[in-house]
$ cat start04.tsv   # TSV, C-alpha atoms and all ligand atoms
chain	number	residue	atom	x	y	z
A	12	MET	CA	52.99	65.15	0.40
A	13	LYS	CA	53.57	61.43	0.77
A	14	LYS	CA	52.28	58.36	-0.96
A	15	ILE	CA	52.36	55.20	1.09
A	16	SER	CA	51.28	51.68	0.47
A	17	ALA	CA	51.25	48.23	2.07
A	18	ASN	CA	49.96	44.77	1.15
A	19	TYR	CA	46.53	45.96	2.20
A	20	ILE	CA	44.90	49.23	3.20
A	21	PHE	CA	42.08	48.71	5.70
A	22	PRO	CA	40.18	52.02	5.54
A	23	GLY	CA	38.27	51.34	8.78
A	24	ASN	CA	34.76	51.56	7.39
A	25	SER	CA	35.04	49.83	4.02
A	26	THR	CA	36.53	46.87	2.16
A	27	PRO	CA	40.33	46.42	2.30
A	28	ILE	CA	42.24	47.53	-0.79
A	29	LYS	CA	45.00	45.21	-1.97
A	30	ASN	CA	48.20	47.21	-2.57
A	31	GLY	CA	46.21	50.41	-2.05
A	32	VAL	CA	48.00	53.75	-1.86
A	33	VAL	CA	47.24	56.51	0.62
A	34	VAL	CA	48.11	60.03	-0.49
A	35	ILE	CA	48.64	62.22	2.52
A	36	ASP	CA	49.66	65.88	2.87
A	37	ASP	CA	52.22	67.33	5.27
A	38	THR	CA	49.61	67.95	7.97
A	39	GLY	CA	48.54	64.28	7.95
A	40	LYS	CA	45.35	64.95	5.99
A	41	ILE	CA	44.29	62.24	3.54
A	42	GLU	CA	44.21	63.59	-0.01
A	43	ALA	CA	43.27	60.38	-1.79
A	44	VAL	CA	43.05	56.62	-1.42
A	45	LEU	CA	44.05	54.87	-4.62
A	46	ASP	CA	43.23	51.37	-5.76
A	47	PRO	CA	45.71	49.91	-8.32
A	48	GLU	CA	42.82	47.99	-9.89
A	49	LYS	CA	41.19	51.29	-10.87
A	50	ASP	CA	43.78	54.03	-10.59
A	51	THR	CA	47.08	54.64	-12.36
A	52	ILE	CA	49.94	54.64	-9.88
A	53	ASN	CA	53.50	55.77	-10.35
A	54	TRP	CA	55.13	53.29	-7.98
A	55	GLU	CA	58.41	55.18	-7.94
A	56	GLU	CA	56.77	57.86	-5.80
A	57	VAL	CA	55.32	55.38	-3.33
A	58	GLU	CA	56.81	54.25	0.00
A	59	GLN	CA	55.94	50.59	0.28
A	60	TYR	CA	55.58	48.58	3.48
A	61	ASP	CA	54.94	44.97	4.40
A	62	GLY	CA	51.69	44.45	6.26
A	63	ILE	CA	48.46	46.35	6.71
A	64	ILE	CA	47.84	50.07	6.97
A	65	CYS	CA	44.85	51.09	9.06
A	66	PRO	CA	43.65	54.30	10.76
A	67	GLY	CA	44.98	55.28	14.19
A	68	PHE	CA	43.31	53.30	16.97
A	69	VAL	CA	40.60	54.72	19.21
A	70	ASN	CA	40.70	53.43	22.76
A	71	THR	CA	37.18	53.95	24.08
A	72	HIS	CA	37.80	52.92	27.67
A	73	CYS	CA	40.77	53.74	29.84
A	74	HIS	CA	41.42	55.11	33.32
A	75	LEU	CA	44.67	56.97	32.77
A	76	GLU	CA	44.79	58.14	36.38
A	77	LEU	CA	45.10	54.52	37.59
A	78	SER	CA	48.33	53.97	35.62
A	79	TYR	CA	50.43	53.97	38.82
A	80	LEU	CA	48.76	50.67	39.76
A	81	LYS	CA	50.53	48.75	36.99
A	82	GLY	CA	51.46	45.33	38.32
A	83	LYS	CA	50.25	46.14	41.84
A	84	ILE	CA	47.01	44.17	41.87
A	85	GLU	CA	47.25	40.43	41.33
A	86	GLU	CA	45.28	38.65	38.62
A	87	ASN	CA	42.02	36.72	39.02
A	88	THR	CA	40.73	38.55	42.07
A	89	GLN	CA	37.29	38.94	40.45
A	90	LEU	CA	35.74	42.39	40.45
A	91	HIS	CA	34.80	42.54	44.14
A	92	GLY	CA	38.35	41.49	45.15
A	93	PHE	CA	39.89	43.92	42.65
A	94	VAL	CA	37.98	46.87	44.12
A	95	GLU	CA	39.05	45.91	47.63
A	96	LYS	CA	42.74	45.72	46.67
A	97	LEU	CA	42.54	48.97	44.78
A	98	MET	CA	41.07	50.77	47.77
A	99	ALA	CA	43.75	49.35	50.04
A	100	ILE	CA	46.69	50.72	48.04
A	101	ARG	CA	45.42	53.81	46.28
A	102	ASP	CA	46.28	56.32	49.00
A	103	ASN	CA	49.90	55.25	49.49
A	104	VAL	CA	51.26	56.88	46.35
A	105	THR	CA	52.64	60.39	45.84
A	106	GLU	CA	51.33	62.86	43.27
A	107	GLN	CA	54.69	62.67	41.45
A	108	GLU	CA	54.45	58.92	41.10
A	109	ARG	CA	50.96	59.26	39.67
A	110	TRP	CA	51.99	61.93	37.16
A	111	PHE	CA	55.02	59.96	36.07
A	112	ALA	CA	52.93	56.82	35.53
A	113	ILE	CA	50.38	58.81	33.50
A	114	GLN	CA	53.10	60.17	31.22
A	115	LEU	CA	54.53	56.72	30.64
A	116	ALA	CA	51.10	55.27	29.97
A	117	GLU	CA	50.33	57.96	27.41
A	118	GLN	CA	53.66	57.35	25.70
A	119	GLU	CA	52.89	53.64	25.56
A	120	MET	CA	49.52	54.32	23.92
A	121	ILE	CA	51.09	56.60	21.31
A	122	SER	CA	53.76	54.09	20.40
A	123	ASN	CA	51.06	51.42	20.06
A	124	GLY	CA	49.16	53.53	17.53
A	125	ILE	CA	46.41	54.94	19.73
A	126	VAL	CA	45.30	58.42	18.64
A	127	ALA	CA	42.19	59.00	20.75
A	128	VAL	CA	40.96	57.89	24.14
A	129	GLY	CA	37.68	57.94	26.02
A	130	ASP	CA	39.14	58.27	29.49
A	131	ILE	CA	37.44	57.91	32.84
A	132	SER	CA	38.50	60.34	35.56
A	133	ASN	CA	37.52	60.52	39.19
A	134	GLY	CA	39.87	63.39	39.97
A	135	ASN	CA	42.13	65.87	38.17
A	136	THR	CA	45.50	64.05	38.17
A	137	SER	CA	45.40	63.33	34.44
A	138	PHE	CA	44.30	66.85	33.40
A	139	HIS	CA	47.76	68.32	32.99
A	140	GLN	CA	48.97	65.56	30.68
A	141	LYS	CA	45.77	65.79	28.68
A	142	SER	CA	46.25	69.54	28.22
A	143	LYS	CA	49.32	68.75	26.07
A	144	ARG	CA	47.00	67.14	23.52
A	145	ASN	CA	49.47	64.46	22.49
A	146	ILE	CA	46.41	62.25	22.11
A	147	LYS	CA	42.82	63.38	21.57
A	148	TYR	CA	40.92	62.74	24.78
A	149	HIS	CA	37.33	62.81	25.75
A	150	THR	CA	37.25	62.74	29.53
A	151	PHE	CA	34.32	61.24	31.37
A	152	ILE	CA	34.02	62.47	34.94
A	153	GLU	CA	32.73	59.37	36.62
A	154	VAL	CA	30.29	59.64	39.50
A	155	PHE	CA	28.86	57.08	41.88
A	156	GLY	CA	27.04	57.00	45.20
A	157	LEU	CA	24.17	54.97	46.54
A	158	LYS	CA	22.96	57.49	49.10
A	159	GLU	CA	20.12	59.62	47.70
A	160	GLU	CA	20.94	62.51	50.01
A	161	LYS	CA	24.48	62.78	48.65
A	162	ALA	CA	23.46	63.01	44.97
A	163	ILE	CA	23.57	66.81	44.67
A	164	GLU	CA	26.91	67.07	46.45
A	165	ILE	CA	28.41	64.41	44.14
A	166	ILE	CA	27.18	66.18	41.02
A	167	GLU	CA	28.44	69.55	42.24
A	168	ARG	CA	31.90	68.10	42.79
A	169	ALA	CA	31.87	66.63	39.28
A	170	LYS	CA	30.78	69.97	37.84
A	171	SER	CA	33.63	71.78	39.55
A	172	LEU	CA	36.10	69.25	38.11
A	173	LYS	CA	34.59	69.89	34.71
A	174	GLU	CA	35.18	73.59	35.08
A	175	ILE	CA	38.92	73.24	35.60
A	176	TYR	CA	39.43	70.87	32.67
A	177	PRO	CA	41.68	72.37	29.96
A	178	HIS	CA	39.39	71.49	27.04
A	179	ALA	CA	35.82	72.51	27.93
A	180	THR	CA	34.00	70.69	25.15
A	181	ARG	CA	35.82	67.41	25.71
A	182	ILE	CA	34.61	66.55	29.17
A	183	SER	CA	31.29	65.25	30.43
A	184	ILE	CA	29.74	63.56	33.44
A	185	THR	CA	29.03	59.84	33.32
A	186	PRO	CA	27.73	57.13	35.68
A	187	HIS	CA	30.15	54.52	37.02
A	188	ALA	CA	27.98	51.40	37.02
A	189	PRO	CA	24.33	50.47	37.47
A	190	TYR	CA	24.96	49.09	40.97
A	191	SER	CA	26.64	52.18	42.33
A	192	MET	CA	23.99	54.82	41.60
A	193	SER	CA	21.04	56.13	43.54
A	194	ALA	CA	17.97	56.94	41.43
A	195	LYS	CA	18.45	60.60	42.24
A	196	LEU	CA	22.07	60.57	41.10
A	197	LEU	CA	21.01	58.99	37.81
A	198	GLN	CA	18.43	61.75	37.33
A	199	GLN	CA	21.08	64.37	37.94
A	200	ILE	CA	23.46	62.72	35.49
A	201	ASN	CA	20.76	62.70	32.84
A	202	LYS	CA	20.40	66.44	33.35
A	203	GLU	CA	24.12	67.20	33.32
A	204	SER	CA	25.65	64.78	30.84
A	205	ASN	CA	26.07	65.47	27.13
A	206	ASP	CA	24.66	63.36	24.34
A	207	PHE	CA	26.94	60.38	24.90
A	208	ILE	CA	27.60	58.56	28.12
A	209	THR	CA	29.44	55.45	29.15
A	210	ILE	CA	28.81	52.96	31.93
A	211	HIS	CA	30.50	49.77	33.16
A	212	ASN	CA	28.07	46.99	32.30
A	213	GLN	CA	27.79	43.36	33.42
A	214	GLU	CA	31.47	43.01	34.17
A	215	THR	CA	30.89	40.37	36.82
A	216	GLU	CA	28.29	37.72	37.48
A	217	GLY	CA	27.44	39.30	40.82
A	218	GLU	CA	25.99	42.32	39.02
A	219	ASN	CA	23.22	40.25	37.43
A	220	GLU	CA	22.61	38.41	40.71
A	221	LEU	CA	22.23	41.70	42.53
A	222	PHE	CA	19.48	42.86	40.20
A	223	GLN	CA	17.83	39.47	39.91
A	224	SER	CA	17.67	38.50	43.55
A	225	ARG	CA	19.56	41.08	45.68
A	226	SER	CA	22.11	38.45	46.62
A	227	GLY	CA	25.56	37.25	45.59
A	228	LYS	CA	29.10	38.59	45.85
A	229	MET	CA	28.39	42.07	44.60
A	230	TYR	CA	25.50	42.46	47.01
A	231	GLU	CA	27.68	41.29	49.89
A	232	GLN	CA	30.42	43.74	48.99
A	233	LEU	CA	28.08	46.70	48.53
A	234	SER	CA	26.41	45.92	51.87
A	235	LYS	CA	29.79	46.47	53.54
A	236	PHE	CA	30.00	50.02	52.15
A	237	SER	CA	26.44	51.16	52.15
A	238	GLU	CA	23.19	50.68	54.03
A	239	ALA	CA	21.38	52.02	50.98
A	240	ILE	CA	21.79	48.79	49.02
A	241	LYS	CA	19.73	46.94	51.65
A	242	SER	CA	16.62	48.87	50.69
A	243	TRP	CA	17.02	48.11	46.98
A	244	GLU	CA	14.38	46.03	45.33
A	245	ALA	CA	15.41	43.21	43.05
A	246	THR	CA	13.93	43.47	39.55
A	247	GLY	CA	14.05	39.72	38.85
A	248	GLU	CA	15.95	40.51	35.66
A	249	ASN	CA	19.54	40.87	34.56
A	250	SER	CA	21.26	44.17	35.19
A	251	LEU	CA	21.01	45.71	31.69
A	252	PRO	CA	17.24	45.47	31.21
A	253	SER	CA	16.81	46.70	34.80
A	254	TYR	CA	18.50	50.06	34.29
A	255	LEU	CA	18.82	50.93	30.59
A	256	ASP	CA	15.47	52.75	30.47
A	257	SER	CA	16.47	55.14	33.20
A	258	LEU	CA	19.65	56.08	31.34
A	259	ALA	CA	18.77	56.06	27.67
A	260	ASP	CA	16.92	59.36	27.28
A	261	GLY	CA	17.90	59.66	23.61
A	262	LYS	CA	21.63	59.55	24.35
A	263	LYS	CA	24.27	57.33	22.81
A	264	ILE	CA	25.44	54.83	25.41
A	265	LEU	CA	28.73	52.96	25.50
A	266	LEU	CA	28.32	49.80	27.55
A	267	VAL	CA	31.72	48.70	28.81
A	268	HIS	CA	32.79	45.06	29.41
A	269	ASN	CA	29.55	43.08	28.77
A	270	THR	CA	31.15	39.87	29.98
A	271	TYR	CA	27.89	38.55	31.40
A	272	THR	CA	25.53	40.05	28.80
A	273	SER	CA	23.09	37.45	27.51
A	274	LYS	CA	21.37	37.03	24.16
A	275	GLU	CA	18.15	38.25	25.77
A	276	ASP	CA	19.92	41.38	27.04
A	277	LEU	CA	21.06	42.08	23.49
A	278	VAL	CA	17.50	41.73	22.23
A	279	PHE	CA	16.39	44.18	24.91
A	280	ALA	CA	19.09	46.68	23.92
A	281	LYS	CA	17.82	46.56	20.33
A	282	HIS	CA	14.94	48.84	21.43
A	283	TYR	CA	17.44	51.65	21.55
A	284	GLY	CA	18.35	51.25	17.92
A	285	ASP	CA	21.70	52.65	16.87
A	286	LYS	CA	22.29	54.44	20.18
A	287	ILE	CA	23.97	51.46	21.83
A	288	TYR	CA	27.70	50.76	21.50
A	289	TRP	CA	29.42	47.77	23.12
A	290	CYS	CA	32.96	48.30	24.35
A	291	PHE	CA	35.16	45.28	25.00
A	292	CYS	CA	38.24	45.28	27.21
A	293	PRO	CA	39.26	41.63	26.69
A	294	ASN	CA	42.58	41.66	28.52
A	295	ALA	CA	41.14	43.41	31.57
A	296	ASN	CA	38.45	40.73	31.70
A	297	LYS	CA	41.15	38.08	31.50
A	298	TYR	CA	43.11	39.88	34.22
A	299	ILE	CA	40.29	40.40	36.71
A	300	GLU	CA	37.68	37.74	36.07
A	301	GLY	CA	39.47	35.18	33.93
A	302	LYS	CA	36.43	35.20	31.67
A	303	GLN	CA	35.53	37.01	28.48
A	304	PRO	CA	32.34	37.96	26.68
A	305	ASP	CA	31.06	35.70	23.92
A	306	TYR	CA	32.03	38.12	21.17
A	307	SER	CA	30.17	36.13	18.54
A	308	LEU	CA	26.88	37.39	20.01
A	309	PHE	CA	27.87	40.94	19.08
A	310	ILE	CA	28.87	40.41	15.45
A	311	ASN	CA	26.12	42.65	14.10
A	312	GLU	CA	26.37	45.29	16.82
A	313	LYS	CA	28.39	48.47	17.01
A	314	CYS	CA	31.40	47.39	19.04
A	315	THR	CA	34.44	49.33	20.19
A	316	ILE	CA	37.67	48.41	21.98
A	317	GLY	CA	39.11	49.64	25.27
A	318	THR	CA	42.28	48.82	27.12
A	319	ASP	CA	40.85	49.65	30.55
A	320	SER	CA	43.59	50.82	32.93
A	321	LEU	CA	47.05	49.52	33.77
A	322	ALA	CA	45.60	48.47	37.14
A	323	SER	CA	43.98	45.56	35.31
A	324	ASN	CA	46.01	45.11	32.16
A	325	TRP	CA	49.56	44.19	31.19
A	326	GLY	CA	49.80	47.02	28.67
A	327	LEU	CA	47.83	49.63	26.74
A	328	SER	CA	47.59	48.21	23.24
A	329	ILE	CA	44.47	47.95	21.11
A	330	LEU	CA	46.15	45.36	18.89
A	331	GLU	CA	46.75	43.09	21.90
A	332	GLU	CA	43.04	43.38	22.72
A	333	LEU	CA	42.14	42.38	19.15
A	334	LYS	CA	44.45	39.36	19.34
A	335	THR	CA	42.66	38.21	22.48
A	336	ILE	CA	39.26	38.50	20.78
A	337	SER	CA	40.59	36.61	17.73
A	338	LYS	CA	41.82	33.80	19.91
A	339	LYS	CA	38.44	33.43	21.60
A	340	ASN	CA	36.29	33.85	18.47
A	341	PRO	CA	38.52	33.24	15.41
A	342	ALA	CA	35.57	33.58	13.02
A	343	ILE	CA	35.37	37.34	13.55
A	344	GLN	CA	37.00	38.86	10.49
A	345	LEU	CA	39.94	41.19	10.73
A	346	GLN	CA	38.06	43.85	8.79
A	347	LYS	CA	35.39	43.85	11.48
A	348	LEU	CA	37.89	43.88	14.33
A	349	LEU	CA	39.68	46.86	12.83
A	350	LYS	CA	36.38	48.69	12.40
A	351	TRP	CA	35.71	48.14	16.11
A	352	ALA	CA	39.19	49.45	16.91
A	353	THR	CA	38.96	52.57	14.74
A	354	TYR	CA	35.78	53.75	13.04
A	355	ASN	CA	33.19	52.80	15.67
A	356	GLY	CA	35.12	54.36	18.53
A	357	ALA	CA	35.64	57.61	16.61
A	358	GLU	CA	31.94	57.67	15.77
A	359	PHE	CA	30.90	57.13	19.38
A	360	LEU	CA	33.27	59.76	20.77
A	361	GLU	CA	32.44	62.12	17.90
A	362	PHE	CA	36.01	62.55	16.69
A	363	ASP	CA	34.94	63.24	13.14
A	364	GLY	CA	38.42	63.52	11.62
A	365	LEU	CA	39.51	60.13	12.99
A	366	GLY	CA	38.62	56.48	12.56
A	367	SER	CA	38.79	55.99	8.80
A	368	ILE	CA	41.12	56.53	5.87
A	369	GLU	CA	39.02	58.85	3.78
A	370	LYS	CA	39.69	62.03	1.84
A	371	GLY	CA	39.76	65.06	4.12
A	372	LYS	CA	40.27	63.13	7.38
A	373	THR	CA	43.39	63.17	9.58
A	374	PRO	CA	43.14	59.78	11.29
A	375	GLY	CA	46.82	59.02	11.82
A	376	LEU	CA	47.99	55.80	10.14
A	377	ASN	CA	49.20	52.58	11.70
A	378	LEU	CA	51.24	49.83	10.14
A	379	ILE	CA	50.38	46.35	11.37
A	380	LYS	CA	53.24	44.00	10.65
A	381	ASP	CA	53.49	40.22	10.77
A	382	VAL	CA	49.90	39.53	9.84
A	383	ASP	CA	48.84	36.18	8.34
A	384	LEU	CA	47.79	37.67	5.01
A	385	GLU	CA	46.72	34.36	3.54
A	386	ASN	CA	44.09	33.75	6.18
A	387	MET	CA	43.80	37.47	6.87
A	388	CYS	CA	44.17	37.17	10.61
A	389	LEU	CA	46.38	38.41	13.41
A	390	ILE	CA	49.00	36.11	14.86
A	391	GLU	CA	50.84	36.15	18.16
A	392	LYS	CA	53.70	38.29	16.88
A	393	SER	CA	51.56	40.80	14.94
A	394	ASP	CA	52.58	44.28	15.93
A	395	ALA	CA	51.18	47.78	15.32
A	396	LYS	CA	53.18	50.98	15.13
A	397	PRO	CA	52.23	54.49	14.07
A	398	LEU	CA	53.33	55.24	10.53
A	399	ILE	CA	51.83	58.72	10.36
A	400	LYS	CA	51.37	60.24	13.78
A	401	LEU	CA	48.45	62.35	14.72
A	402	GLN	CA	49.35	66.02	14.42
A	403	GLN	CA	48.23	68.49	17.03
B	501	ZN	ZN	36.73	50.81	33.66

$ encode --input "start04.tsv" --output "structure tokens" --more "lines below"
Ligand SMILES: [Zn+2]
Amino acid sequence: MKKISANYIFPGNSTPIKNGVVVIDDTGKIEAVLDPEKDTINWEEVEQYDGIICPGFVNTHCHLELSYLKGKIEENTQLHGFVEKLMAIRDNVTEQERWFAIQLAEQEMISNGIVAVGDISNGNTSFHQKSKRNIKYHTFIEVFGLKEEKAIEIIERAKSLKEIYPHATRISITPHAPYSMSAKLLQQINKESNDFITIHNQETEGENELFQSRSGKMYEQLSKFSEAIKSWEATGENSLPSYLDSLADGKKILLVHNTYTSKEDLVFAKHYGDKIYWCFCPNANKYIEGKQPDYSLFINEKCTIGTDSLASNWGLSILEELKTISKKNPAIQLQKLLKWATYNGAEFLEFDGLGSIEKGKTPGLNLIKDVDLENMCLIEKSDAKPLIKLQQ
């Protein structure tokens, strides 16, 4: 058993405790959280640290299998340019290089305090690493295809990938993006997916233009790949209100990116009550589009944090993502940011033992150092490291 303390304990889902003490057993399970204002503490038994202790981070959006693309795609290509570059280089890499990059990427996440990941897979290259369970993964097999007649074939391929996954209950089928699906494929996904799905949403301006008026950069790019897009009908609305009905079906939905999500879109999403989660990948947005969501619109929503992949990010660190949000919208409180980075992600991915420092949970603990404790905000040199690692 260990007793550890720092200037503040941020439990993830409740108010920070000044000089709080976490009592933790040898398996990493929380036995108690003590508040010196209310509880008697024998400080001689307590390991004390400078900074903030919070639960292990939950990264709700990554593409581990793209790790080999670190530094290979230049910045500010915008999404259509990014996809083109990715397609041009993705086949020139050996299996070994991919595996090696995946291992390194996982190691980087662990040393940055990430304990769970919602990871997108298009193939099986990441499966072996995931079978080691160094991190808790939920894998989303991502499908896309605009041709109606291919829908069944695409779903069958996804189902066979699912069957070879080493952890049968931690894999499900999910749609890539609203612009890359035929109606039939969406129907099939609704049949095959579990009760939570994720989709890339409004990452680029061209996505809204496509739905509003069947024009713009995304439309031009899709026309190069597929005849099917030419028979699409514009809805006259933004992307989100155009497709959410056909997906919702009582499921929880994690909308990823939301860079071009408007106030009106948020009002529309309210119809789905507490089923909607908003995942931000701030540094990937900076990397690809040079633009970020207006996070202040989402203050009262259930938000989560993703790193996206190393193809479009400089590293895999949830804390770095939080710093970027803080810089853009400094009014968002650290308590809220840390809830996005821990509790909300664990809730969405249904990792019940993670996401908060509460009796009976085994969330892993991070120490965030070099925090501005007076103003309670992150600064450039703030740094997070695992203090208690997640045990297998
Ligand atoms: Zn993504």

$ atom_distance --input "start04.tsv" --atom1 "CA of Asn340 in chain A" --atom2 "CA of Leu90 in chain A"
23.6 Å

$ residues_near_ligand --input "start04.tsv" --ligand "ligand ZN 501 (chain B)" --cutoff "8 Å" --atoms "all atoms listed in the file" --output "MDAnalysis selection string"
chainID A and resid 72:74 131 211 267 319:320

$ residues_around --input "start04.tsv" --residues "Phe207 in chain A" --least-positions-apart "2" --cutoff "8 Å" --atoms "all atoms listed in the file" --output "ChimeraX atom specification"
/A:204-205,209,262-265,359-360

$ write_last_selection --input "start04.tsv" --atoms "C-alpha atoms" --output "short mmCIF file (atom, residue, chain, number, x, y, z; two decimals), in the frame of the given file"
data_model
loop_
_atom_site.label_atom_id
_atom_site.label_comp_id
_atom_site.auth_asym_id
_atom_site.auth_seq_id
_atom_site.Cartn_x
_atom_site.Cartn_y
_atom_site.Cartn_z
CA SER A 204 25.65 64.78 30.84
CA ASN A 205 26.07 65.47 27.13
CA THR A 209 29.44 55.45 29.15
CA LYS A 262 21.63 59.55 24.35
CA LYS A 263 24.27 57.33 22.81
CA ILE A 264 25.44 54.83 25.41
CA LEU A 265 28.73 52.96 25.50
CA PHE A 359 30.90 57.13 19.38
CA LEU A 360 33.27 59.76 20.77
#

$ closest_residue --input "start04.tsv" --among "A:Lys143, A:Leu172, A:Leu233, A:Ser25" --to "Glu95 in chain A" --atoms "all atoms listed in the file"
A:Leu233

$ closest_residue --input "start04.tsv" --among "A:Tyr354, A:Phe151, A:Tyr306, A:Phe68" --to "Leu327 in chain A" --atoms "all atoms listed in the file"
A:Phe68

$ residues_around --input "start04.tsv" --residues "Glu248 in chain A" --least-positions-apart "6" --cutoff "8 Å" --atoms "all atoms listed in the file" --output "PyMOL selection string"
chain A and resi 219+222-223

$ residues_around --input "start04.tsv" --residues "Ile28 in chain A" --least-positions-apart "6" --cutoff "8 Å" --atoms "all atoms listed in the file" --output "compact mmCIF listing (two decimals) with C-alpha atoms, in the coordinates of the input"
# COMPACT_ATOMS: atom_id res chain seq x y z
CA TYR A 19 46.53 45.96 2.20
CA ILE A 20 44.90 49.23 3.20
CA PHE A 21 42.08 48.71 5.70
CA ASP A 46 43.23 51.37 -5.76

$ atom_distance --input "start04.tsv" --atom1 "CA of Glu55 in chain A" --atom2 "CA of Val34 in chain A"
13.6 Å

$ residues_around --input "start04.tsv" --residues "Thr26 in chain A" --least-positions-apart "6" --cutoff "12 Å" --atoms "only C-alpha atoms" --output "number ranges by chain"
A: 19-20, 46, 65, 344-347, 349-350, 367-368

$ residues_around --input "start04.tsv" --residues "Ser234 in chain A" --least-positions-apart "6" --cutoff "12 Å" --atoms "all atoms listed in the file" --output "list of chain:residue names"
A:His91, A:Leu157, A:Tyr190, A:Ser191, A:Leu221, A:Arg225, A:Ser226, A:Gly227, A:Lys228, A:Ile240, A:Lys241, A:Ser242, A:Trp243

$ closest_residue --input "start04.tsv" --among "A:Thr373, A:Thr150, A:Thr215, A:Thr315" --to "Asn133 in chain A" --atoms "only C-alpha atoms"
A:Thr150

$ atom_distance --input "start04.tsv" --atom1 "CA of Val154 in chain A" --atom2 "CA of Glu117 in chain A"
23.5 Å

$ closest_residue --input "start04.tsv" --among "A:Arg109, A:Lys372, A:Arg101, A:Lys161" --to "Gln140 in chain A" --atoms "all atoms listed in the file"
A:Arg109

$ closest_residue --input "start04.tsv" --among "A:Ala169, A:Ser193, A:Pro374, A:Val382" --to "Val33 in chain A" --atoms "only C-alpha atoms"
A:Pro374

$ closest_residue --input "start04.tsv" --among "A:Gly284, A:Gly247, A:Gly92, A:Gly134" --to "Gly261 in chain A" --atoms "all atoms listed in the file"
A:Gly284

$ residues_near_point --input "start04.tsv" --point "(46.5, 61.9, 14.9)" --cutoff "7 Å" --atoms "all atoms listed in the file" --output "ChimeraX atom specification"
/A:67,126,373-375,400-402

$ build_atoms --input "start04.tsv" --residues "range 299-314 of chain A" --atoms "N, CA and C atoms" --output "mmCIF file, keeping the file's coordinate frame"
data_model
loop_
_atom_site.group_PDB
_atom_site.id
_atom_site.type_symbol
_atom_site.label_atom_id
_atom_site.label_comp_id
_atom_site.auth_asym_id
_atom_site.auth_seq_id
_atom_site.Cartn_x
_atom_site.Cartn_y
_atom_site.Cartn_z
ATOM 1 N N ILE A 299 41.074 40.335 35.457
ATOM 2 C CA ILE A 299 40.290 40.400 36.710
ATOM 3 C C ILE A 299 39.426 39.159 36.919
ATOM 4 N N GLU A 300 38.694 38.781 35.873
ATOM 5 C CA GLU A 300 37.680 37.740 36.070
ATOM 6 C C GLU A 300 38.091 36.391 35.482
ATOM 7 N N GLY A 301 39.093 36.425 34.602
ATOM 8 C CA GLY A 301 39.470 35.180 33.930
ATOM 9 C C GLY A 301 38.399 34.694 32.983
ATOM 10 N N LYS A 302 37.513 35.582 32.606
ATOM 11 C CA LYS A 302 36.430 35.200 31.670
ATOM 12 C C LYS A 302 36.206 36.336 30.690
ATOM 13 N N GLN A 303 35.772 35.982 29.489
ATOM 14 C CA GLN A 303 35.530 37.010 28.480
ATOM 15 C C GLN A 303 34.110 36.921 27.934
ATOM 16 N N PRO A 304 33.651 38.013 27.325
ATOM 17 C CA PRO A 304 32.340 37.960 26.680
ATOM 18 C C PRO A 304 32.354 36.943 25.538
ATOM 19 N N ASP A 305 31.174 36.485 25.143
ATOM 20 C CA ASP A 305 31.060 35.700 23.920
ATOM 21 C C ASP A 305 30.900 36.710 22.782
ATOM 22 N N TYR A 306 32.044 37.045 22.169
ATOM 23 C CA TYR A 306 32.030 38.120 21.170
ATOM 24 C C TYR A 306 31.145 37.793 19.966
ATOM 25 N N SER A 307 30.945 36.502 19.733
ATOM 26 C CA SER A 307 30.170 36.130 18.540
ATOM 27 C C SER A 307 28.722 36.626 18.633
ATOM 28 N N LEU A 308 28.240 36.857 19.853
ATOM 29 C CA LEU A 308 26.880 37.390 20.010
ATOM 30 C C LEU A 308 26.758 38.806 19.466
ATOM 31 N N PHE A 309 27.888 39.495 19.364
ATOM 32 C CA PHE A 309 27.870 40.940 19.080
ATOM 33 C C PHE A 309 28.256 41.285 17.640
ATOM 34 N N ILE A 310 28.360 40.232 16.811
ATOM 35 C CA ILE A 310 28.870 40.410 15.450
ATOM 36 C C ILE A 310 28.157 41.524 14.677
ATOM 37 N N ASN A 311 26.855 41.643 14.880
ATOM 38 C CA ASN A 311 26.120 42.650 14.100
ATOM 39 C C ASN A 311 25.867 43.931 14.876
ATOM 40 N N GLU A 312 26.564 44.086 15.998
ATOM 41 C CA GLU A 312 26.370 45.290 16.820
ATOM 42 C C GLU A 312 27.500 46.277 16.562
ATOM 43 N N LYS A 313 27.306 47.489 17.106
ATOM 44 C CA LYS A 313 28.390 48.470 17.010
ATOM 45 C C LYS A 313 29.313 48.269 18.209
ATOM 46 N N CYS A 314 30.464 47.688 17.958
ATOM 47 C CA CYS A 314 31.400 47.390 19.040
ATOM 48 C C CYS A 314 32.604 48.312 18.964
#
